[in-house]
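Trainee: One structure follows; several queries about it will come next.
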Amino acid sequence: MNRKLGCLPVLLLATAASLCGQTRLGTISGVVRNSSGAPQMGAAVQLLGAQAAAAILVYTDSRGHYSAHDLPAGRYQIKATEPSFLPTLRENVSLRSGAAVVVNLTLNTLFEALQIMPVRGRTADDNDDWRWTLRSMANRPILRVLDNGGPLVIVANSDNQNDRVIKARVAFMAGAEGEGFGSPADQSTSFKVEKSIFSSGTLSLGGNVGQTLDAPAVLRAAYSHQFADGERPQVAVTVRRLQAQTMGAEHAALQALALTLSDQVRLADFAEVEYGTEYQTVQFLGRRAAFHPFGALDVHLSPDAVLEYRYASTMPNMTAEKGFDAAPADLSESGPRVSLVGVSPRLEQAAHQEISLSRRVGENSFQVAAYMDRIANTALLGVGDNVADDNSGNLLADPYSSTFTYNGGSLHTSGVRAVAQRKFSPWMTGTLDLAYGGVIAASDPSAFMLVGEPSLNFDAVRRTAIAAKLSGKIPRSKTSWIASYKWNNGARAVTAVDAFNASPGQADPFLNFFLRQPLPCPGFIPGQMEALIDVRNLLAQGYVPVLGQDGHTMYLVQSARSVRGGVAFSF
């Protein structure tokens, strides 16, 4: 009997140990974004459970990702706060033993919250906050206002019904783009459809098509998946078809297929890496193929400081800054960049390496960077009314505009950049960008002919560029606007300083404007209607005159003057 009673404590201890072993700790993680989908760095995320005596506090990294580990099972309230935004609260988040739950949160300004409440399905506009990384699209939860007599708080519904809502945007655009070979047609339609699947996956289809069968056409399909640890793999396929006018191939078609694979991985609590590659195959007067790798490594020195190394092999696409992912020429700016030498096609090949340090101090943000570029077969932009009459075999004319591309040879250069940004108010942000580096400049104009070896007519020179940019929103009219001016010292430069700049200071050369104006939407259309106006190089600056083969003057430019506008619908 005593032996049996003596074994009882051992059995009780074994049972308790077994029960404790069955209680596994869980993880809650996610991404904090603003209403336009831009990740918010340094946002404070508080997690309060029913059994916890105090809230757990974590901060988001440069990609807006937060993670809280070793959490007991139960129900939690998750609250995200950041200056200039209303707090966002997610209630009744259930965490099972050993589970990993993904909870994405959206921060809104007071103005955006007031606009969301009365209208179902309204899309919030861009607030132009500091972009530490490229923005990523996110499905925003349905919002409601928590009125408990205290401070105004935005609360996200805990159900997942909205994750299955299809989002769509369509834009009908008109006007000359002036981007050289590959510009969209005078009248084109841009569209994008996005749908969440499997709770944390996103499937999207977008494109840009003209009004006729031979007009430029671009289609892109992509799928991405958000894991609990912040990893976000994506696969995308882009198909392009363009028409060309050149000697011996007056109506040759360029067909390009690109397969893009990318991923975002957290290496530790203070570091993450984004990497990928694009395989591009082009059928145009023969077949060409190329790999375009890219990647970035971010190291967080503090919640407000990031050290980044970035590698790129294609020009950045900055149309997301306009707050409309189907903005004019969105997909048409993605490449390939093609030029001709003796009726033989050349694909532009580039390698950009950059190391930068970014820091945020209150409403101010700063960045310093050093970079090195190596570009082969540089595709220069040209303008001329008699482009189709040239028979040199070196001009690749765009049949939908009076523009062409021309092979500018190679450029090997290095440079530096400094960026300062200040948020003057919730409705206006100012940015100043100073860059110094090498560019391609036209040599002696009296001897310049668009024939022969292009390397004889260009020089690599160093230039300084200063860009000032203002962006914001007019509260009463809800007008979103961006105005920028980029000045270059010296003359005859035909490429931009720091062409691979993807920082918030990036701006097109010379004077540019972009406007988005919400319009009254008919009751039978369940969405939002907007007017879009995109103006580039309004004053037609930087036109470098060159002598064509027939004696007519053509121009090489960093950015051609163009005006493009239309109407967009968001559903």
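Chains: A, B, ... in order of the structure tokens. Residues: from 1 per chain. Ligands: from 1, in order shown.
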So that I can see what lies close to region 359-366 of chain A, please list as a ChimeraX atom specification the residues with an atom at most 12 Å from it, counting only C-alpha atoms and leaving out residues fewer than 2 positions away in the same chain.

Mentor: /A:40-42,62,82-84,129-132,300-308,356-357,368-369,417-426,428-434,503-505

Trainee: Find the spatial neighbours of Ala351 (chain A), counting only C-alpha atoms, within a cut-off of 10 Å - ignore same-chain residues fewer than 2 positions away - and output them as a list in words.

Mentor: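 The contact residues come out as His292, Pro293, Phe294, Tyr311, Ala312, Ser313, Thr314, Met315, Gln349, Gln353, Met372, Asp373, Arg374, Ile375, Ala376, His412 and Phe500 of chain A.
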
Trainee: From the list A:Arg220, A:Phe227, A:Ile440, A:Gln517, which residue is nearest Pro475 (chain A) when using only C-alpha atoms?

Mentor: A:Gln517

Trainee: Do a neighbour search on region 409-411 of chain A at 12 Å with only C-alpha atoms, toss out local chain neighbours closer than 2 positions, and write the hits as a ChimeraX atom specification.

Mentor: /A:339-341,346-352,372-380,406-407,413-414,437-442,453-462,494-497,499

Trainee: Just write the chosen residues, N, CA and C atoms, as a short mmCIF file (atom, residue, chain, number, x, y, z; two decimals), in the first residue's frame.

Mentor:
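See selection-v2.cif below for the written result:
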```cif
data_model
loop_
_atom_site.label_atom_id
_atom_site.label_comp_id
_atom_site.auth_asym_id
_atom_site.auth_seq_id
_atom_site.Cartn_x
_atom_site.Cartn_y
_atom_site.Cartn_z
N SER A 339 17.25 48.65 -78.95
CA SER A 339 17.73 49.61 -79.94
C SER A 339 18.31 48.82 -81.12
N LEU A 340 18.71 49.54 -82.17
CA LEU A 340 19.24 48.91 -83.39
C LEU A 340 20.65 49.42 -83.68
N VAL A 341 21.46 48.54 -84.21
CA VAL A 341 22.76 48.90 -84.78
C VAL A 341 22.88 48.14 -86.11
N ARG A 346 19.56 45.20 -80.34
CA ARG A 346 20.40 45.13 -79.16
C ARG A 346 19.50 45.33 -77.92
N LEU A 347 19.67 44.46 -76.94
CA LEU A 347 18.96 44.60 -75.68
C LEU A 347 19.84 45.34 -74.68
N GLU A 348 19.26 46.32 -74.01
CA GLU A 348 20.00 47.03 -72.98
C GLU A 348 20.28 46.12 -71.80
N GLN A 349 21.54 46.08 -71.37
CA GLN A 349 21.96 45.28 -70.23
C GLN A 349 22.56 46.22 -69.18
N ALA A 350 22.11 46.08 -67.95
CA ALA A 350 22.55 47.01 -66.90
C ALA A 350 22.84 46.25 -65.62
N ALA A 351 23.71 46.85 -64.81
CA ALA A 351 24.01 46.34 -63.47
C ALA A 351 24.18 47.54 -62.56
N HIS A 352 23.28 47.67 -61.62
CA HIS A 352 23.29 48.79 -60.68
C HIS A 352 23.51 48.25 -59.27
N MET A 372 27.00 52.47 -58.17
CA MET A 372 27.86 52.21 -59.32
C MET A 372 27.02 51.57 -60.41
N ASP A 373 27.11 52.11 -61.63
CA ASP A 373 26.31 51.63 -62.76
C ASP A 373 27.20 51.16 -63.90
N ARG A 374 26.78 50.08 -64.54
CA ARG A 374 27.41 49.58 -65.78
C ARG A 374 26.27 49.26 -66.74
N ILE A 375 26.19 50.02 -67.83
CA ILE A 375 25.10 49.87 -68.79
C ILE A 375 25.70 49.63 -70.18
N ALA A 376 25.23 48.60 -70.85
CA ALA A 376 25.64 48.29 -72.22
C ALA A 376 24.45 48.43 -73.15
N ASN A 377 24.70 48.90 -74.38
CA ASN A 377 23.64 49.12 -75.37
C ASN A 377 22.53 50.01 -74.81
N THR A 378 22.95 51.15 -74.30
CA THR A 378 22.00 52.09 -73.71
C THR A 378 20.97 52.54 -74.76
N ALA A 379 19.70 52.40 -74.44
CA ALA A 379 18.62 52.79 -75.34
C ALA A 379 18.27 54.25 -75.08
N LEU A 380 18.71 55.15 -75.98
CA LEU A 380 18.43 56.57 -75.84
C LEU A 380 17.08 56.92 -76.46
N TYR A 406 17.67 54.96 -79.87
CA TYR A 406 18.95 54.97 -80.55
C TYR A 406 20.01 54.41 -79.61
N ASN A 407 20.89 53.59 -80.13
CA ASN A 407 21.90 52.95 -79.30
C ASN A 407 22.98 53.95 -78.91
N THR A 413 29.90 54.16 -64.64
CA THR A 413 30.00 55.34 -63.80
C THR A 413 29.69 55.00 -62.36
N SER A 414 29.98 55.93 -61.48
CA SER A 414 29.63 55.83 -60.07
C SER A 414 29.10 57.19 -59.64
N GLY A 437 26.75 62.13 -60.65
CA GLY A 437 27.19 60.92 -61.29
C GLY A 437 27.39 61.11 -62.78
N GLY A 438 27.71 60.03 -63.46
CA GLY A 438 28.00 60.08 -64.89
C GLY A 438 26.77 59.93 -65.76
N VAL A 439 26.82 60.58 -66.94
CA VAL A 439 25.75 60.49 -67.92
C VAL A 439 26.37 60.38 -69.31
N ILE A 440 25.55 60.04 -70.29
CA ILE A 440 25.95 60.05 -71.69
C ILE A 440 25.53 61.39 -72.29
N ALA A 441 26.47 62.08 -72.93
CA ALA A 441 26.19 63.39 -73.53
C ALA A 441 26.59 63.36 -75.00
N ALA A 442 25.82 64.06 -75.84
CA ALA A 442 26.14 64.17 -77.25
C ALA A 442 27.39 65.03 -77.42
N GLU A 453 29.08 54.41 -86.34
CA GLU A 453 29.24 53.95 -84.96
C GLU A 453 28.77 55.03 -83.99
N PRO A 454 27.79 54.72 -83.14
CA PRO A 454 27.30 55.73 -82.21
C PRO A 454 28.32 56.12 -81.16
N SER A 455 29.31 55.24 -80.89
CA SER A 455 30.29 55.57 -79.86
C SER A 455 31.16 56.75 -80.27
N LEU A 456 31.21 57.08 -81.55
CA LEU A 456 32.02 58.22 -82.00
C LEU A 456 31.33 59.54 -81.71
N ASN A 457 30.08 59.51 -81.37
CA ASN A 457 29.31 60.74 -81.21
C ASN A 457 28.87 61.02 -79.77
N PHE A 458 29.31 60.21 -78.82
CA PHE A 458 28.90 60.39 -77.43
C PHE A 458 30.11 60.40 -76.51
N ASP A 459 29.94 61.10 -75.41
CA ASP A 459 30.96 61.15 -74.37
C ASP A 459 30.33 60.82 -73.03
N ALA A 460 31.12 60.24 -72.14
CA ALA A 460 30.69 60.02 -70.76
C ALA A 460 31.19 61.19 -69.92
N VAL A 461 30.28 61.95 -69.34
CA VAL A 461 30.63 63.12 -68.55
C VAL A 461 29.93 63.02 -67.19
N ARG A 462 30.38 63.82 -66.25
CA ARG A 462 29.78 63.83 -64.91
C ARG A 462 28.94 65.09 -64.73
N VAL A 494 22.00 63.26 -72.56
CA VAL A 494 20.87 62.53 -73.14
C VAL A 494 20.43 61.38 -72.25
N THR A 495 21.07 61.21 -71.10
CA THR A 495 20.59 60.28 -70.07
C THR A 495 20.53 61.03 -68.75
N ALA A 496 19.73 60.53 -67.83
CA ALA A 496 19.53 61.20 -66.56
C ALA A 496 20.60 60.79 -65.55
N VAL A 497 20.91 61.70 -64.64
CA VAL A 497 21.79 61.38 -63.52
C VAL A 497 21.05 60.45 -62.56
N ALA A 499 19.99 57.24 -62.87
CA ALA A 499 18.80 56.74 -63.57
C ALA A 499 18.12 55.60 -62.83
#
```

Trainee: Near Glu278 (chain A), within 12 Å and counting only C-alpha atoms, which residues show up once chain neighbours fewer than 4 positions away are dropped, as a list in words?

Mentor: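 Contacts, with the query itself left out: Gln234, Val235, Ala236, Val237, Thr238, Leu257, Ala258, Leu259, Thr260, Leu261, Ser262, Ala289, Ala290, Phe291, His292, Pro293, Phe294, Gly295, Ala312, Ser313, Thr314, Ser334, Gly335 and Pro336 of chain A.
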
Trainee: Val209 (chain A): which residues within 8 Å, counting only C-alpha atoms, same-chain residues fewer than 2 positions away excluded, as an MDAnalysis selection string?

Mentor: chainID A and resid 184:185 188:190 207 211 215:218

Trainee: Which residues are close to Val102 (chain A), i.e. within 8 Å by only C-alpha atoms, leaving aside same-chain residues fewer than 6 positions away? Reply as a count of residues only.

Mentor: 5

Trainee: Separation of CA of Gly206 (chain A) and CA of Ser402 (chain A), in Å?

Mentor: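 According to the coordinates, CA of Gly206 (chain A) and CA of Ser402 (chain A) are separated by 27.0 Å.
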
Trainee: Which one is closest to Arg310 (chain A): A:Val265, A:Ser200, A:Lys195, A:Ala296? Count only C-alpha atoms.

Mentor: A:Ala296

Trainee: Calculated over only C-alpha atoms, which of the candidates A:Leu254, A:Leu107, A:Leu515, A:Ala43 has the smallest distance to Arg564 (chain A)?

Mentor: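 Among the listed residues, the smallest separation from Arg564 (chain A) belongs to A:Leu515.
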
Trainee: Based on DSSP run over this structure's backbone, return all residues of region 243-413 of chain A in helix (DSSP H, G or I), as a list in words.

Mentor: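 These are the residues in question: Thr319, Ala320, Glu321, Lys322, Leu331, Ser332, Glu333, Ser334, Val387, Ala388 and Asp389 of chain A.
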
Trainee: So that I have them on file, write out the residues from the current selection with C-alpha atoms, as a PDB file, in the first residue's frame.

Mentor:
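The file below, result_21.pdb, is the result:
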```pdb
ATOM      1  CA  THR A 319       4.274  54.606 -61.173  1.00  0.00           C
ATOM      2  CA  ALA A 320       3.076  53.162 -57.848  1.00  0.00           C
ATOM      3  CA  GLU A 321       4.021  56.518 -56.317  1.00  0.00           C
ATOM      4  CA  LYS A 322       1.024  57.982 -58.132  1.00  0.00           C
ATOM      5  CA  LEU A 331       3.327  47.982 -67.684  1.00  0.00           C
ATOM      6  CA  SER A 332       4.711  49.628 -70.812  1.00  0.00           C
ATOM      7  CA  GLU A 333       7.642  51.007 -68.798  1.00  0.00           C
ATOM      8  CA  SER A 334       8.782  47.538 -67.765  1.00  0.00           C
ATOM      9  CA  VAL A 387      11.750  59.287 -88.229  1.00  0.00           C
ATOM     10  CA  ALA A 388      10.080  56.856 -90.637  1.00  0.00           C
ATOM     11  CA  ASP A 389      12.084  58.292 -93.575  1.00  0.00           C
TER      12      ASP A 389
END
```

Trainee: Using only C-alpha atoms, pick whichever of A:Ala100, A:Ala221, A:Ala68, A:Ala531 has the shortest atom-to-atom distance to Glu194 (chain A).

Mentor: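 Going through A:Ala100, A:Ala221, A:Ala68, A:Ala531 one by one, the smallest distance to Glu194 (chain A) is for A:Ala221.
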